[in-house]
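One file, run.cif, is given below (mmCIF, C-alpha atoms and all ligand atoms).
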```
data_work
#
loop_
_atom_site.label_atom_id
_atom_site.label_comp_id
_atom_site.auth_asym_id
_atom_site.auth_seq_id
_atom_site.Cartn_x
_atom_site.Cartn_y
_atom_site.Cartn_z
CA MET H 246 52.20 27.05 -35.23
CA LYS H 247 50.80 30.36 -33.94
CA ALA H 248 52.29 33.69 -32.83
CA ILE H 249 50.92 34.97 -29.53
CA ARG H 250 51.53 38.55 -28.47
CA GLY H 251 51.58 40.10 -25.04
CA ALA H 252 52.95 42.91 -22.93
CA THR H 253 53.15 44.04 -19.35
CA THR H 254 54.55 46.96 -17.39
CA VAL H 255 56.66 47.19 -14.23
CA ASN H 256 56.44 49.88 -11.57
CA CYS H 257 60.20 50.22 -11.30
CA ASP H 258 63.34 48.84 -12.90
CA SER H 259 64.06 46.13 -10.32
CA PRO H 260 65.21 42.59 -11.14
CA GLN H 261 62.66 41.16 -8.74
CA GLU H 262 59.74 42.94 -10.34
CA ILE H 263 60.94 42.10 -13.85
CA ARG H 264 61.17 38.43 -12.80
CA GLU H 265 57.65 38.47 -11.35
CA LYS H 266 56.01 40.31 -14.22
CA VAL H 267 57.70 38.28 -16.98
CA LYS H 268 56.70 35.06 -15.22
CA GLU H 269 53.14 36.28 -14.75
CA LEU H 270 52.91 37.31 -18.42
CA LEU H 271 54.21 33.98 -19.74
CA ASP H 272 52.12 31.96 -17.29
CA ARG H 273 49.03 33.86 -18.33
CA ILE H 274 49.81 33.39 -22.03
CA ALA H 275 50.24 29.66 -21.37
CA ALA H 276 47.00 29.41 -19.34
CA ALA H 277 44.85 31.43 -21.76
CA ASN H 278 46.12 29.42 -24.73
CA LYS H 279 46.01 26.10 -22.86
CA LEU H 280 49.72 25.54 -23.42
CA THR H 281 52.55 24.21 -21.31
CA ALA H 282 56.07 25.67 -21.33
CA ASP H 283 57.16 22.68 -23.46
CA SER H 284 54.94 23.73 -26.33
CA PHE H 285 56.65 27.13 -26.64
CA ILE H 286 58.96 27.13 -29.66
CA CYS H 287 60.53 30.50 -29.06
CA ILE H 288 60.03 33.57 -26.91
CA MET H 289 61.08 36.99 -28.15
CA LEU H 290 61.00 39.81 -25.63
CA SER H 291 61.72 43.49 -25.91
CA SER H 292 61.86 46.15 -23.24
CA THR H 293 61.80 49.92 -23.19
CA GLY H 294 65.07 51.73 -22.50
CA ASP H 295 64.11 52.51 -18.89
CA ILE H 296 64.48 48.79 -18.06
CA ARG H 297 68.16 47.98 -17.54
CA SER H 298 68.48 45.82 -14.46
CA LEU H 299 67.63 42.39 -15.93
CA TYR H 300 67.23 40.92 -19.41
CA PRO H 301 63.57 39.83 -19.67
CA ALA H 302 64.82 36.69 -21.48
CA LYS H 303 66.85 35.80 -18.39
CA ALA H 304 63.73 36.29 -16.26
CA ALA H 305 61.83 33.98 -18.63
CA ARG H 306 64.50 31.32 -18.37
CA GLU H 307 64.49 31.58 -14.57
CA ALA H 308 60.70 31.24 -14.62
CA GLY H 309 61.00 27.81 -16.21
CA TYR H 310 60.65 28.74 -19.88
CA SER H 311 64.09 27.40 -20.65
CA GLY H 312 63.30 24.64 -23.12
CA CYS H 313 62.86 26.96 -26.09
CA ALA H 314 64.85 29.64 -27.88
CA LEU H 315 64.85 32.90 -25.93
CA TYR H 316 65.79 36.32 -27.14
CA SER H 317 65.46 39.84 -25.78
CA SER H 318 66.16 43.22 -27.25
CA LEU H 319 66.06 46.85 -26.27
CA GLU H 320 63.49 49.07 -27.96
CA PRO H 321 64.46 52.48 -29.29
CA ASP H 322 63.33 55.41 -27.13
CA MET H 323 60.16 56.69 -28.73
CA GLU H 324 58.37 59.80 -27.63
CA GLY H 325 55.03 59.03 -25.98
CA ALA H 326 55.81 55.30 -25.66
CA LEU H 327 54.35 53.42 -22.72
CA PRO H 328 57.18 53.54 -20.13
CA LEU H 329 58.64 50.57 -18.22
CA CYS H 330 57.07 48.17 -20.68
CA ILE H 331 58.04 44.62 -21.65
CA ARG H 332 56.61 43.14 -24.86
CA VAL H 333 56.65 39.53 -25.91
CA MET H 334 55.97 37.38 -28.93
CA VAL H 335 55.68 33.65 -28.36
CA LEU H 336 55.70 31.10 -31.16
CA ALA H 337 53.92 27.95 -30.06
CA GLU H 338 52.34 24.77 -31.33
CA THR H 339 48.64 25.34 -30.91
CA CYS H 340 45.57 24.73 -33.01
CA ASN H 341 43.43 27.30 -31.20
CA SER H 342 43.16 30.92 -32.22
CA PRO H 343 45.81 32.80 -30.24
CA LYS H 344 44.80 34.72 -27.13
CA HIS H 345 47.00 37.76 -26.69
CA ILE H 346 47.60 38.95 -23.14
CA TYR H 347 48.17 42.55 -22.04
CA LEU H 348 48.66 43.18 -18.33
CA HIS H 349 49.16 46.06 -15.89
CA GLY H 350 48.06 48.88 -18.15
CA ALA H 351 49.75 47.44 -21.25
CA ALA H 352 46.31 46.88 -22.81
CA ALA H 353 46.59 50.56 -23.75
CA LEU H 354 48.91 49.34 -26.52
CA ARG H 355 46.15 47.33 -28.17
CA LYS H 356 42.76 49.00 -27.94
CA ASP H 357 41.45 46.46 -30.45
CA LEU H 358 42.19 43.56 -28.09
CA SER H 359 41.43 45.21 -24.81
CA ARG H 360 37.82 44.24 -24.38
CA VAL H 361 37.82 42.59 -21.01
CA ILE H 362 34.64 40.91 -19.85
CA ASN H 363 33.99 40.50 -16.14
CA ILE H 364 31.10 38.57 -14.66
CA ALA H 365 30.07 39.13 -11.05
CA LEU H 366 28.75 36.06 -9.26
CA ASP H 367 27.72 36.57 -5.64
CA GLY H 368 25.91 34.52 -3.07
CA PRO H 369 26.17 32.84 0.32
CA ALA H 370 28.36 29.85 1.21
CA GLY H 371 27.26 26.67 -0.56
CA SER H 372 25.07 28.40 -3.15
CA GLY H 373 27.20 26.78 -5.85
CA LYS H 374 29.16 29.88 -6.88
CA SER H 375 32.57 28.34 -7.24
CA THR H 376 31.40 25.29 -9.23
CA VAL H 377 29.21 27.46 -11.44
CA SER H 378 31.97 30.05 -11.86
CA LYS H 379 34.38 27.41 -13.16
CA LEU H 380 31.76 26.03 -15.55
CA ILE H 381 30.98 29.50 -16.95
CA ALA H 382 34.71 30.24 -17.35
CA LYS H 383 35.14 27.01 -19.27
CA LYS H 384 32.16 27.67 -21.53
CA LEU H 385 33.31 31.21 -22.32
CA ASP H 386 37.00 30.29 -22.45
CA ILE H 387 37.97 32.80 -19.77
CA LEU H 388 39.35 32.39 -16.23
CA SER H 389 37.54 32.29 -12.89
CA LEU H 390 38.63 34.21 -9.82
CA ASP H 391 37.52 32.77 -6.47
CA THR H 392 37.74 35.87 -4.28
CA GLY H 393 36.86 33.86 -1.15
CA ALA H 394 40.21 32.10 -1.56
CA MET H 395 41.93 35.44 -1.04
CA TYR H 396 40.14 36.06 2.29
CA ARG H 397 40.94 32.49 3.24
CA ALA H 398 44.64 33.14 2.58
CA VAL H 399 44.52 36.15 4.92
CA ALA H 400 42.94 33.92 7.57
CA LEU H 401 45.64 31.28 7.05
CA LYS H 402 48.34 33.93 7.42
CA CYS H 403 46.75 35.00 10.75
CA ILE H 404 46.79 31.39 11.95
CA ARG H 405 50.39 30.87 10.84
CA GLU H 406 51.58 34.04 12.52
CA GLY H 407 49.61 33.23 15.66
CA VAL H 408 47.90 36.62 15.72
CA ASP H 409 44.92 37.31 17.91
CA TYR H 410 42.42 37.88 15.10
CA ALA H 411 40.03 39.69 17.43
CA GLU H 412 42.75 42.37 17.73
CA LYS H 413 42.26 44.78 14.85
CA SER H 414 45.81 46.17 15.01
CA GLN H 415 47.34 42.69 14.75
CA VAL H 416 45.29 41.84 11.66
CA GLU H 417 46.19 45.25 10.18
CA ARG H 418 49.87 44.46 10.61
CA ILE H 419 49.35 41.18 8.74
CA ILE H 420 47.47 42.80 5.90
CA GLU H 421 50.05 45.56 5.44
CA ASN H 422 52.80 43.04 4.77
CA ILE H 423 50.96 40.18 3.14
CA ASP H 424 52.37 38.77 -0.11
CA LEU H 425 49.23 37.38 -1.68
CA ARG H 426 48.98 36.55 -5.35
CA VAL H 427 46.81 34.54 -7.63
CA GLY H 428 48.25 32.40 -10.39
CA TYR H 429 46.82 29.96 -12.91
CA LYS H 430 47.99 26.51 -13.89
CA ASP H 431 46.17 24.78 -16.76
CA GLY H 432 43.35 27.30 -16.24
CA ARG H 433 43.04 26.40 -12.54
CA GLN H 434 43.48 29.10 -9.89
CA LEU H 435 46.39 28.84 -7.48
CA THR H 436 46.40 30.92 -4.31
CA LEU H 437 49.95 31.93 -3.48
CA LEU H 438 50.79 33.12 0.03
CA ASP H 439 54.37 34.30 0.49
CA GLY H 440 55.18 32.49 -2.75
CA GLU H 441 53.76 29.17 -1.50
CA ASP H 442 50.78 27.45 -3.10
CA VAL H 443 48.22 27.22 -0.28
CA SER H 444 45.23 26.30 -2.46
CA GLY H 445 44.61 23.09 -0.45
CA GLU H 446 45.44 24.38 3.00
CA ILE H 447 42.87 27.19 2.88
CA ARG H 448 39.96 24.75 2.64
CA THR H 449 39.73 23.66 6.29
CA ALA H 450 36.69 24.43 8.49
CA GLN H 451 38.92 26.50 10.79
CA VAL H 452 40.07 28.69 7.89
CA SER H 453 36.44 29.03 6.64
CA MET H 454 35.25 30.44 9.93
CA LEU H 455 38.23 32.72 10.41
CA ALA H 456 38.00 33.99 6.80
CA SER H 457 34.46 35.11 7.46
CA TYR H 458 35.65 36.85 10.64
CA VAL H 459 38.68 38.68 9.21
CA SER H 460 36.81 39.66 6.04
CA ALA H 461 34.79 42.06 8.20
CA TYR H 462 37.85 44.27 8.85
CA PRO H 463 37.85 47.35 6.59
CA SER H 464 41.65 47.17 6.15
CA VAL H 465 41.38 43.57 4.90
CA ARG H 466 38.56 44.42 2.50
CA THR H 467 40.30 47.51 1.12
CA LYS H 468 43.39 45.50 0.27
CA MET H 469 41.52 42.52 -1.20
CA VAL H 470 39.13 44.69 -3.22
CA SER H 471 42.02 46.62 -4.75
CA LEU H 472 43.81 43.37 -5.68
CA GLN H 473 40.58 42.00 -7.17
CA ARG H 474 39.95 45.14 -9.22
CA GLU H 475 43.50 45.00 -10.54
CA ILE H 476 43.06 41.36 -11.62
CA ALA H 477 39.62 42.03 -13.14
CA LYS H 478 41.02 44.92 -15.16
CA SER H 479 43.75 42.78 -16.63
CA MET H 480 41.75 39.74 -17.71
CA SER H 481 38.33 38.46 -18.67
CA CYS H 482 37.07 36.46 -15.71
CA VAL H 483 34.13 35.36 -13.61
CA LEU H 484 34.59 36.71 -10.08
CA ASP H 485 32.75 34.82 -7.39
CA GLY H 486 32.31 36.26 -3.94
CA ARG H 487 29.98 38.16 -1.65
CA ASP H 488 30.34 41.79 -2.73
CA ILE H 489 31.49 41.69 -6.36
CA GLY H 490 28.32 43.23 -7.83
CA THR H 491 27.78 45.69 -4.99
CA ASN H 492 31.32 46.81 -4.20
CA VAL H 493 34.21 45.37 -6.21
CA LEU H 494 32.73 45.97 -9.70
CA PRO H 495 29.59 48.06 -9.21
CA ASP H 496 29.54 48.97 -12.93
CA CYS H 497 29.88 45.40 -14.13
CA PRO H 498 27.22 44.73 -16.79
CA PHE H 499 26.86 41.05 -15.91
CA LYS H 500 25.76 40.45 -12.32
CA PHE H 501 24.26 37.29 -10.89
CA PHE H 502 23.28 36.39 -7.33
CA LEU H 503 22.85 32.73 -6.43
CA THR H 504 20.68 31.61 -3.54
CA ALA H 505 19.58 28.24 -2.12
CA ALA H 506 17.95 27.13 1.12
CA PRO H 507 20.51 26.73 3.97
CA GLU H 508 19.62 23.02 4.31
CA ILE H 509 20.37 22.42 0.63
CA ARG H 510 23.62 24.36 0.82
CA ALA H 511 24.67 22.38 3.89
CA MET H 512 23.83 19.10 2.16
CA ARG H 513 25.96 20.11 -0.86
CA ARG H 514 28.92 20.89 1.39
CA PHE H 515 28.38 17.69 3.34
CA SER H 516 28.45 15.58 0.15
CA GLU H 517 31.50 17.44 -1.21
CA ASP H 518 33.37 17.10 2.10
CA ARG H 519 32.52 13.42 2.43
CA LEU H 520 34.20 12.77 -0.93
CA LYS H 521 37.28 14.49 0.47
CA GLY H 522 37.15 12.28 3.57
CA SER H 523 36.06 14.99 6.04
CA ALA H 524 34.29 13.79 9.18
CA GLN H 525 32.12 16.87 9.86
CA SER H 526 28.46 16.05 10.44
CA TYR H 527 25.62 17.52 8.39
CA GLU H 528 24.28 19.26 11.53
CA GLN H 529 27.65 20.88 12.22
CA ILE H 530 27.96 22.08 8.61
CA LEU H 531 24.44 23.55 8.69
CA LYS H 532 25.24 25.34 11.95
CA ASP H 533 28.50 26.72 10.46
CA ILE H 534 26.69 27.86 7.29
CA ASN H 535 24.03 29.70 9.29
CA GLU H 536 26.69 31.30 11.46
CA ARG H 537 28.76 32.38 8.45
CA ASP H 538 25.66 33.77 6.68
CA GLU H 539 24.91 35.78 9.78
CA GLN H 540 28.48 37.11 9.97
CA ASP H 541 28.71 37.85 6.23
CA ARG H 542 25.29 39.55 6.07
CA ASN H 543 25.66 41.70 9.14
CA ARG H 544 29.16 43.10 8.90
CA ALA H 545 29.34 46.87 8.62
CA VAL H 546 31.57 46.98 5.53
CA ALA H 547 30.35 45.55 2.20
CA PRO H 548 28.02 42.91 3.66
CA LEU H 549 26.72 39.99 1.60
CA LYS H 550 23.91 41.67 -0.29
CA CYS H 551 22.29 41.27 -3.68
CA ALA H 552 23.02 44.15 -6.08
CA GLN H 553 19.84 45.85 -7.30
CA ASP H 554 20.70 45.12 -10.92
CA ALA H 555 21.75 41.49 -10.38
CA VAL H 556 19.82 38.54 -11.79
CA VAL H 557 18.80 36.36 -8.83
CA ILE H 558 18.86 32.60 -9.37
CA ASP H 559 17.55 30.15 -6.80
CA THR H 560 19.74 27.11 -7.37
CA SER H 561 17.95 24.85 -4.85
CA GLU H 562 16.42 22.67 -7.54
CA MET H 563 19.05 23.13 -10.26
CA THR H 564 22.28 21.40 -11.16
CA ALA H 565 25.45 23.50 -11.49
CA GLU H 566 25.45 22.80 -15.23
CA GLU H 567 21.91 24.15 -15.55
CA VAL H 568 22.81 27.30 -13.63
CA ALA H 569 25.94 27.88 -15.75
CA SER H 570 23.98 27.42 -19.00
CA LEU H 571 21.29 29.81 -17.82
CA ILE H 572 23.91 32.45 -16.98
CA CYS H 573 25.82 32.01 -20.25
CA GLY H 574 22.54 32.39 -22.14
CA LYS H 575 21.81 35.66 -20.35
CA ILE H 576 25.33 36.94 -21.08
CA GLN H 577 25.05 36.07 -24.78
CA GLU H 578 21.73 37.97 -24.95
CA LYS H 579 23.51 41.10 -23.74
CA ILE H 580 26.77 40.92 -25.66
O1 LIG U 1 33.38 31.79 -0.67
P1 LIG U 1 34.21 31.31 0.54
O2 LIG U 1 33.44 30.47 1.46
O3 LIG U 1 35.49 30.67 0.10
O4 LIG U 1 34.63 32.68 1.32
C1 LIG U 1 35.32 32.68 2.55
C2 LIG U 1 34.87 33.87 3.39
O5 LIG U 1 35.40 35.07 2.79
C3 LIG U 1 33.36 34.08 3.49
O6 LIG U 1 32.85 33.70 4.74
C4 LIG U 1 33.14 35.53 3.33
C5 LIG U 1 34.42 36.09 2.83
N1 LIG U 1 34.28 36.69 1.51
C6 LIG U 1 33.94 38.01 1.44
O7 LIG U 1 33.70 38.62 2.46
N2 LIG U 1 33.90 38.64 0.24
C7 LIG U 1 34.16 37.98 -0.89
N3 LIG U 1 34.13 38.63 -2.05
C8 LIG U 1 34.47 36.60 -0.85
C9 LIG U 1 34.51 35.97 0.37
#
```
Is it possible to express this structure as structure tokens?
Amino acid sequence: MKAIRGATTVNCDSPQEIREKVKELLDRIAAANKLTADSFICIMLSSTGDIRSLYPAKAAREAGYSGCALYSSLEPDMEGALPLCIRVMVLAETCNSPKHIYLHGAAALRKDLSRVINIALDGPAGSGKSTVSKLIAKKLDILSLDTGAMYRAVALKCIREGVDYAEKSQVERIIENIDLRVGYKDGRQLTLLDGEDVSGEIRTAQVSMLASYVSAYPSVRTKMVSLQREIAKSMSCVLDGRDIGTNVLPDCPFKFFLTAAPEIRAMRRFSEDRLKGSAQSYEQILKDINERDEQDRNRAVAPLKCAQDAVVIDTSEMTAEEVASLICGKIQEKI
């Protein structure tokens, strides 16, 4: 049995935010320690005196952590304490060394644990980023953040709301009110739009094309980049995208840019899609890839571009496993 620590902060004392943040904290503890809610033996929570509207233990129970003993207490008011803070200690059956999780500025409580490692992985569609990103995350025991999924969710929202995506003001209205979050289940990313898991629905060809289109709007990029920076600050992860090394995390010490010939990228997509039962032809996929490259490279804001200090890897003749091993080797050299 191991004790796992964690903490988070809320922006205000609202039951809804307490619910969301407690759930996020426990879900992240579970994901990082490869646990399910059933393997939690007990959860002890404490909150600072400025949190009064909901017992964090009640929020934990509502979030599905109801099969174990739950307890919450109020901390004494201490001068200089981190305000609006919820702390947790979880006892769980695990044989791994515990991974403690500190979110939303709560890492300030534990400087010794707060070393977050981010890895920037950029490249065009079909260069192998998302497969490689997941492999690296697994090898380093961290999480992977597919930033393209976030742009795809914006595109899906536009489709669902029937907005004319060529109309900037209509897309701006969508982006102002979007409820877009990223969660993890068994280490796998879930894209949550308005609370619904849309991880499967964002993978259609229509969403791909529209994601590339809407990602050119500055308002969309500003919002997504700020969400991505917030996530990257709170956890060690591999971020795959188009502008991670150049724009989202320009100071990131680990930057990689994957390339591959368009024909190879199209063939990879074609093979992947065929396994999923998609009927798109190779020629159509190649055409779409070239069109998306063109759109992603030529947009005015944060275009797809290799950062000057990124390591460029041509993956045309490599397997994903080879690329991931090469990258992990380069990271180990630097750490
Ligand atoms: O990686 P993907 O195919 O899932 O990305 C979907 C679209 O989102 C892609 O055409 C470009 C855009 N995108 C972006 O502009 N910046 C990112 N960091 C990630 C994706």
What residues have an atom no more than 6 Å from (60.3, 44.0, -17.5) in the file's own frame, counting all atoms listed in the file, and can you write them as a PyMOL selection string?
chain H and resi 255+263+301+331
Go through H:Ser291, H:Gln577, H:Ser561, H:Ser378 one by one, measure the shortest atom-to-atom distance of each to ligand LIG 1 (chain U) using only C-alpha atoms and all ligand atoms, and give the residue with the smallest value.
H:Ser378
Enumerate as a list in words the residues within 6 Å of ligand LIG 1 (chain U), counting only C-alpha atoms and all ligand atoms.
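For ligand LIG 1 (chain U), the residues inside 6 Å are Ala370, Thr392, Gly393, Ala394, Tyr396, Arg397, Ser453, Ala456, Ser457, Ser460, Gly486, Arg487, Asp488, Ile489, Arg537 and Asp541 of chain H.
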Quick one: distance from CA of Glu578 in chain H to CA of Phe499 in chain H in Å, one decimal?
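Taking CA of Glu578 in chain H as the start and CA of Phe499 in chain H as the end point, the length is 10.8 Å.
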Please, what distance in Å, to one decimal, runs between CA of Gly490 in chain H and CA of Gln473 in chain H?
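Taking CA of Gly490 in chain H and CA of Gln473 in chain H, their separation equals 12.3 Å.
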Quick one: residues within 9 Å of Ser389 in chain H, only C-alpha atoms counted, chain neighbours fewer than 2 positions away excluded, as a PyMOL selection string?
chain H and resi 375+378-383+387+391+432-434+481-485
Neighbours of Lys468 in chain H within 10 Å (only C-alpha atoms; same-chain residues fewer than 6 positions away dropped), as an mmCIF file with C-alpha atoms, in the coordinates of the input?
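The new file selection_31.cif reads:
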```cif
data_model
loop_
_atom_site.group_PDB
_atom_site.id
_atom_site.type_symbol
_atom_site.label_atom_id
_atom_site.label_comp_id
_atom_site.auth_asym_id
_atom_site.auth_seq_id
_atom_site.Cartn_x
_atom_site.Cartn_y
_atom_site.Cartn_z
ATOM 1 C CA ILE H 420 47.470 42.800 5.900
ATOM 2 C CA GLU H 421 50.050 45.560 5.440
ATOM 3 C CA ILE H 423 50.960 40.180 3.140
#
```
Name the closest residue to Leu329 in chain H among the candidates H:Ala555, H:Cys257, H:Leu401, H:Ile346; distances are taken between atoms, counting all atoms listed in the file.
H:Cys257
Between H:Tyr410, H:Tyr300, H:Tyr347, H:Tyr310, which is the closest to Phe285 in chain H once you count all atoms listed in the file?
H:Tyr310
Give me, as a PyMOL selection string, all polymer residues having an atom no more than 7 Å from Arg426 in chain H, counting only C-alpha atoms and skipping those fewer than 2 positions away in the same chain.
chain H and resi 424+428+436-438
Between CA of Ala365 in chain H and CA of Lys500 in chain H, what is the distance, to one decimal in Å?
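Here the two named atoms are 4.7 Å from each other.
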Counting only C-alpha atoms, what is within 8 Å of Val546 in chain H, bar same-chain residues fewer than 5 positions away, as a list in words?
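Near neighbours after the sequence-gap exclusion: Ala461, Tyr462 and Pro463 of chain H.
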Top pick for closest residue to Phe501 in chain H, considering H:Val333, H:Val416, H:Val568, H:Ala305 and counting all atoms listed in the file
H:Val568
Could you give me, as a PDB file with C-alpha atoms, keeping the file's coordinate frame, the residues that have an atom at most 12 Å away from the point (18.0, 43.9, -7.5) in the coordinates of the file, using all atoms listed in the file?
```
ATOM      1  CA  GLY H 490      28.320  43.230  -7.830  1.00  0.00           C
ATOM      2  CA  THR H 491      27.780  45.690  -4.990  1.00  0.00           C
ATOM      3  CA  LYS H 500      25.760  40.450 -12.320  1.00  0.00           C
ATOM      4  CA  PHE H 501      24.260  37.290 -10.890  1.00  0.00           C
ATOM      5  CA  PHE H 502      23.280  36.390  -7.330  1.00  0.00           C
ATOM      6  CA  LYS H 550      23.910  41.670  -0.290  1.00  0.00           C
ATOM      7  CA  CYS H 551      22.290  41.270  -3.680  1.00  0.00           C
ATOM      8  CA  ALA H 552      23.020  44.150  -6.080  1.00  0.00           C
ATOM      9  CA  GLN H 553      19.840  45.850  -7.300  1.00  0.00           C
ATOM     10  CA  ASP H 554      20.700  45.120 -10.920  1.00  0.00           C
ATOM     11  CA  ALA H 555      21.750  41.490 -10.380  1.00  0.00           C
ATOM     12  CA  VAL H 556      19.820  38.540 -11.790  1.00  0.00           C
ATOM     13  CA  VAL H 557      18.800  36.360  -8.830  1.00  0.00           C
ATOM     14  CA  ILE H 558      18.860  32.600  -9.370  1.00  0.00           C
TER      15      ILE H 558
END
```
Using all atoms listed in the file: which of H:Ala308, H:Glu566, H:Arg474, H:Arg297 has the shortest distance to Lys384 in chain H:
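Of H:Ala308, H:Glu566, H:Arg474, H:Arg297, the one nearest Lys384 in chain H is H:Glu566, counting all atoms listed in the file.
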Which residue, H:Lys279, H:Lys575, H:Arg448, H:Lys303, has the smallest gap to Arg514 in chain H when you use only C-alpha atoms?
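Among the listed residues, the smallest separation from Arg514 in chain H belongs to H:Arg448.
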With a distance cut-off of 9 Å and all atoms listed in the file, select the neighbouring residues of range 538-540 of chain H, excluding the residue or stretch itself and same-chain residues fewer than 4 positions from it, and output the selection as a list of chain:residue names.
H:Pro369, H:Ala370, H:Ser457, H:Tyr458, H:Ala461, H:Asp533, H:Ile534, H:Arg544, H:Pro548, H:Leu549
Around all the atoms of range 552-555 of chain H listed in the file, with 4 Å of room on each side, what axis-aligned box do you get, giving centre and edge lengths in Å to one decimal, as lines of an AutoDock Vina configuration file?
```
center_x = 21.4
center_y = 43.7
center_z = -8.5
size_x = 11.2
size_y = 12.4
size_z = 12.8
```
Render range 327-392 of chain H from the structure in the preceding block as a file of C-alpha atoms, as a short mmCIF file (atom, residue, chain, number, x, y, z; two decimals), in the first residue's frame.
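Okay, part24.cif is ready:
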```
data_model
loop_
_atom_site.label_atom_id
_atom_site.label_comp_id
_atom_site.auth_asym_id
_atom_site.auth_seq_id
_atom_site.Cartn_x
_atom_site.Cartn_y
_atom_site.Cartn_z
CA LEU H 327 -1.70 29.21 -0.51
CA PRO H 328 -5.33 30.41 -0.69
CA LEU H 329 -8.32 28.46 -2.07
CA CYS H 330 -6.34 25.25 -1.87
CA ILE H 331 -7.51 21.64 -1.57
CA ARG H 332 -5.00 18.99 -0.46
CA VAL H 333 -5.40 15.25 -0.69
CA MET H 334 -3.76 12.09 0.54
CA VAL H 335 -4.81 8.85 -1.13
CA LEU H 336 -3.96 5.43 0.24
CA ALA H 337 -3.96 2.87 -2.55
CA GLU H 338 -2.84 -0.61 -3.46
CA THR H 339 0.03 -0.06 -5.85
CA CYS H 340 3.45 -1.55 -6.32
CA ASN H 341 4.83 1.44 -8.23
CA SER H 342 6.55 4.38 -6.61
CA PRO H 343 3.85 6.97 -5.94
CA LYS H 344 3.45 9.90 -8.32
CA HIS H 345 2.25 12.95 -6.46
CA ILE H 346 0.13 15.44 -8.39
CA TYR H 347 0.02 19.20 -7.85
CA LEU H 348 -2.24 21.22 -10.13
CA HIS H 349 -3.23 24.84 -10.82
CA GLY H 350 -0.38 26.53 -9.00
CA ALA H 351 -0.40 24.08 -6.08
CA ALA H 352 3.05 22.83 -7.16
CA ALA H 353 4.29 25.88 -5.25
CA LEU H 354 3.65 23.78 -2.13
CA ARG H 355 6.22 21.19 -3.14
CA LYS H 356 9.23 22.69 -4.88
CA ASP H 357 10.98 19.33 -4.54
CA LEU H 358 8.35 17.59 -6.67
CA SER H 359 7.59 20.34 -9.09
CA ARG H 360 9.97 19.47 -11.88
CA VAL H 361 7.70 19.24 -14.85
CA ILE H 362 9.16 18.02 -18.12
CA ASN H 363 7.54 19.04 -21.39
CA ILE H 364 8.52 17.72 -24.78
CA ALA H 365 7.52 19.58 -27.94
CA LEU H 366 6.79 17.38 -30.94
CA ASP H 367 5.76 19.20 -34.11
CA GLY H 368 5.26 18.23 -37.70
CA PRO H 369 2.75 17.98 -40.54
CA ALA H 370 -0.25 15.65 -40.73
CA GLY H 371 0.76 12.00 -40.98
CA SER H 372 4.38 12.51 -39.89
CA GLY H 373 3.73 10.07 -37.04
CA LYS H 374 3.55 12.61 -34.22
CA SER H 375 0.63 11.18 -32.32
CA THR H 376 1.85 7.55 -32.42
CA VAL H 377 5.37 8.62 -31.48
CA SER H 378 4.08 10.96 -28.77
CA LYS H 379 2.19 8.11 -27.09
CA LEU H 380 5.23 5.83 -27.29
CA ILE H 381 7.51 8.46 -25.73
CA ALA H 382 4.96 9.13 -22.97
CA LYS H 383 4.83 5.43 -22.20
CA LYS H 384 8.61 5.06 -22.14
CA LEU H 385 9.04 8.07 -19.84
CA ASP H 386 5.94 7.31 -17.78
CA ILE H 387 4.35 10.69 -18.47
CA LEU H 388 1.21 11.72 -20.39
CA SER H 389 0.80 12.84 -23.99
CA LEU H 390 -1.25 15.83 -25.08
CA ASP H 391 -2.58 15.75 -28.64
CA THR H 392 -3.14 19.46 -29.26
#
```
